[in-house]
Amino acid sequence: GPVVSGSKVIIFHRVADMERVEALDSKSGKVLWKRDFKAFYRGGYNSDLGPRSTPVVAGDQIYAFGAAGDLHCLKLATGESVWDRTLGQDYQAPDGYFGAGSSPLVIGEHVLLNVGGREAGIVAVDTNTGKTVWQATQEKASYSSPTVLRHGETQYALFITRMKALAVNPTNGKLLFSTPFGKQGPTVNGATPLAFENRIFLTASYQIGAQMLELASPLNAAQPLKVHWSGDDILSSQYTTPILHDGHLFGTHGREDIGSTALRCVATTSGKVIWEKPNFGVAHAILVKDRFITLNTSGQLVLIQANTGKYEELARAKVSGGTTRSFPALASGQFYFRNNEGDGGSLTALKLP
């Protein structure tokens, strides 16, 4: 997905045998700089060669994680390369179904990645040098991107791996807790976990389902997390991440490739489905005050009131003829999204009132 930082839109995509990071002017779309890296991923379960992860901007640097597990650090202002790491190769990480696809997480001076390598399920590298600071777990990688878990005064890194959800100390890699989440076979964990108050929400399709977990205090690796509620007919998302608002979760239930999908509103306290909009399509959502804007894979842009009592659609527009699967961005009144058409695609900026 595109990332906006100040007046720049950062995009990470493949051009022939190169993975390209480029910066565009947010108002005009003019290319400000671009940097190409040799692409080593040759494809697997489907023909899309990636890259699949969204670049991360932290301070004056960009971190981009390619489909073969290559991590690149560039200067935001100029695109100049700062350092590169072949993490997938270094730690013998398998390609999985679609190559590497989990986005990096920057906490302090460390970049944390869901690498899935041998004795290096999760790896932290120094933001300035790219050198490995620590490596932890033997977990294979998922397509879920990590997020920050705040517990008390401390920040932890919260990951969903191939078969678990776990949290680690970003400074030293010490495991805080882990809990089973996933299923063997042709399955994918794709949605980012949500951490709020003393709870963690996990979701996946493929008969894995959703779980609302409660954190104990104090936390320790030997103490299992309490399951507040769980089920596969609540909010089972194939890869989009639900949004949290006013004690409720709003998100996609179902799979893009099998059956139909619905947009649902679910109470965080009970797991009760409050309302649903059937056949909505798999959609990413961005919360803007008391409304959210969604983009589904068929190019439908929909503005919805974040109403916890009923589905309330405010506006709808067809904005793309291609598949719009990657996460969009909203900044300074402009909405940015990518589409895919065959082996190519385009980046579009829409002005929203």
# chains A, B, ... in the order shown; residues from 1 in each chain; ligands from 1
>>> closest_atom_pairs(of="segment 107-189 of chain A", to="segment 64-71 of chain A", cutoff="10 Å", atoms="only C-alpha atoms", output="Markdown table")
| residue | atom | partner | partner_atom | distance |
| --- | --- | --- | --- | --- |
| A:Val111 | CA | A:Leu71 | CA | 9.9 |
| A:Leu113 | CA | A:Phe65 | CA | 8.7 |
| A:Asn114 | CA | A:Gly69 | CA | 9.6 |
| A:Val115 | CA | A:Gly69 | CA | 7.1 |
| A:Gly116 | CA | A:Gly69 | CA | 9.6 |
| A:Gly117 | CA | A:Gly69 | CA | 9.9 |
| A:Val125 | CA | A:Leu71 | CA | 10.0 |
| A:Gly130 | CA | A:Leu71 | CA | 8.7 |
>>> residues_around(residues="Lys75 of chain A", least_positions_apart="2", cutoff="12 Å", atoms="only C-alpha atoms", output="list in words")
Ile10, Val21, Glu22, Ala23, Trp33, Lys34, Arg35, Val56, Val57, Ala58, Gly59, Asp60, Gln61, Ile62, Tyr63, Ala64, His72, Cys73, Ala77, Thr78, Gly79, Glu80, Ser81, Val82, Trp83, Thr127 and Asn128 of chain A
>>> residues_around(residues="Ser217 of chain A", least_positions_apart="6", cutoff="12 Å", atoms="only C-alpha atoms", output="mmCIF file with N, CA, C and O atoms, in the first residue's frame")
data_model
loop_
_atom_site.group_PDB
_atom_site.id
_atom_site.type_symbol
_atom_site.label_atom_id
_atom_site.label_comp_id
_atom_site.auth_asym_id
_atom_site.auth_seq_id
_atom_site.Cartn_x
_atom_site.Cartn_y
_atom_site.Cartn_z
ATOM 1 N N HIS A 151 1.433 -2.179 27.685
ATOM 2 C CA HIS A 151 0.972 -2.810 28.919
ATOM 3 C C HIS A 151 1.650 -2.091 30.068
ATOM 4 O O HIS A 151 2.875 -2.182 30.239
ATOM 5 N N GLY A 152 0.860 -1.340 30.838
ATOM 6 C CA GLY A 152 1.454 -0.495 31.856
ATOM 7 C C GLY A 152 2.246 0.615 31.202
ATOM 8 O O GLY A 152 1.773 1.308 30.300
ATOM 9 N N LEU A 176 7.236 -12.326 26.009
ATOM 10 C CA LEU A 176 6.312 -11.939 27.071
ATOM 11 C C LEU A 176 5.232 -13.001 27.231
ATOM 12 O O LEU A 176 4.926 -13.434 28.339
ATOM 13 N N ASN A 198 -6.919 -3.917 28.118
ATOM 14 C CA ASN A 198 -6.204 -5.132 28.528
ATOM 15 C C ASN A 198 -6.583 -6.308 27.640
ATOM 16 O O ASN A 198 -6.573 -7.457 28.069
ATOM 17 N N ARG A 199 -6.893 -6.011 26.357
ATOM 18 C CA ARG A 199 -7.383 -7.051 25.461
ATOM 19 C C ARG A 199 -6.586 -7.105 24.161
ATOM 20 O O ARG A 199 -5.954 -6.135 23.751
ATOM 21 N N GLN A 223 2.042 -18.052 31.931
ATOM 22 C CA GLN A 223 0.619 -17.926 32.232
ATOM 23 C C GLN A 223 -0.183 -17.787 30.941
ATOM 24 O O GLN A 223 0.011 -16.851 30.181
ATOM 25 N N PRO A 224 -1.086 -18.717 30.650
ATOM 26 C CA PRO A 224 -1.875 -18.622 29.409
ATOM 27 C C PRO A 224 -2.830 -17.440 29.448
ATOM 28 O O PRO A 224 -3.293 -17.020 30.518
ATOM 29 N N LEU A 225 -3.139 -16.909 28.270
ATOM 30 C CA LEU A 225 -4.074 -15.804 28.177
ATOM 31 C C LEU A 225 -5.504 -16.333 28.302
ATOM 32 O O LEU A 225 -5.837 -17.420 27.825
ATOM 33 N N LYS A 226 -6.348 -15.561 28.914
ATOM 34 C CA LYS A 226 -7.744 -15.945 29.077
ATOM 35 C C LYS A 226 -8.520 -15.609 27.800
ATOM 36 O O LYS A 226 -8.420 -14.497 27.271
#
>>> atom_distance(atom1="atom CA of Gly29 of chain A", atom2="atom CA of Val4 of chain A")
12.0 Å
>>> closest_atom_pairs(of="segment 187-222 of chain A", to="segment 155-173 of chain A", cutoff="8 Å", atoms="only C-alpha atoms", output="Markdown table")
| residue | atom | partner | partner_atom | distance |
| --- | --- | --- | --- | --- |
| A:Val188 | CA | A:Arg162 | CA | 7.4 |
| A:Asn189 | CA | A:Arg162 | CA | 6.5 |
| A:Thr192 | CA | A:Ile160 | CA | 7.4 |
| A:Pro193 | CA | A:Ile160 | CA | 6.9 |
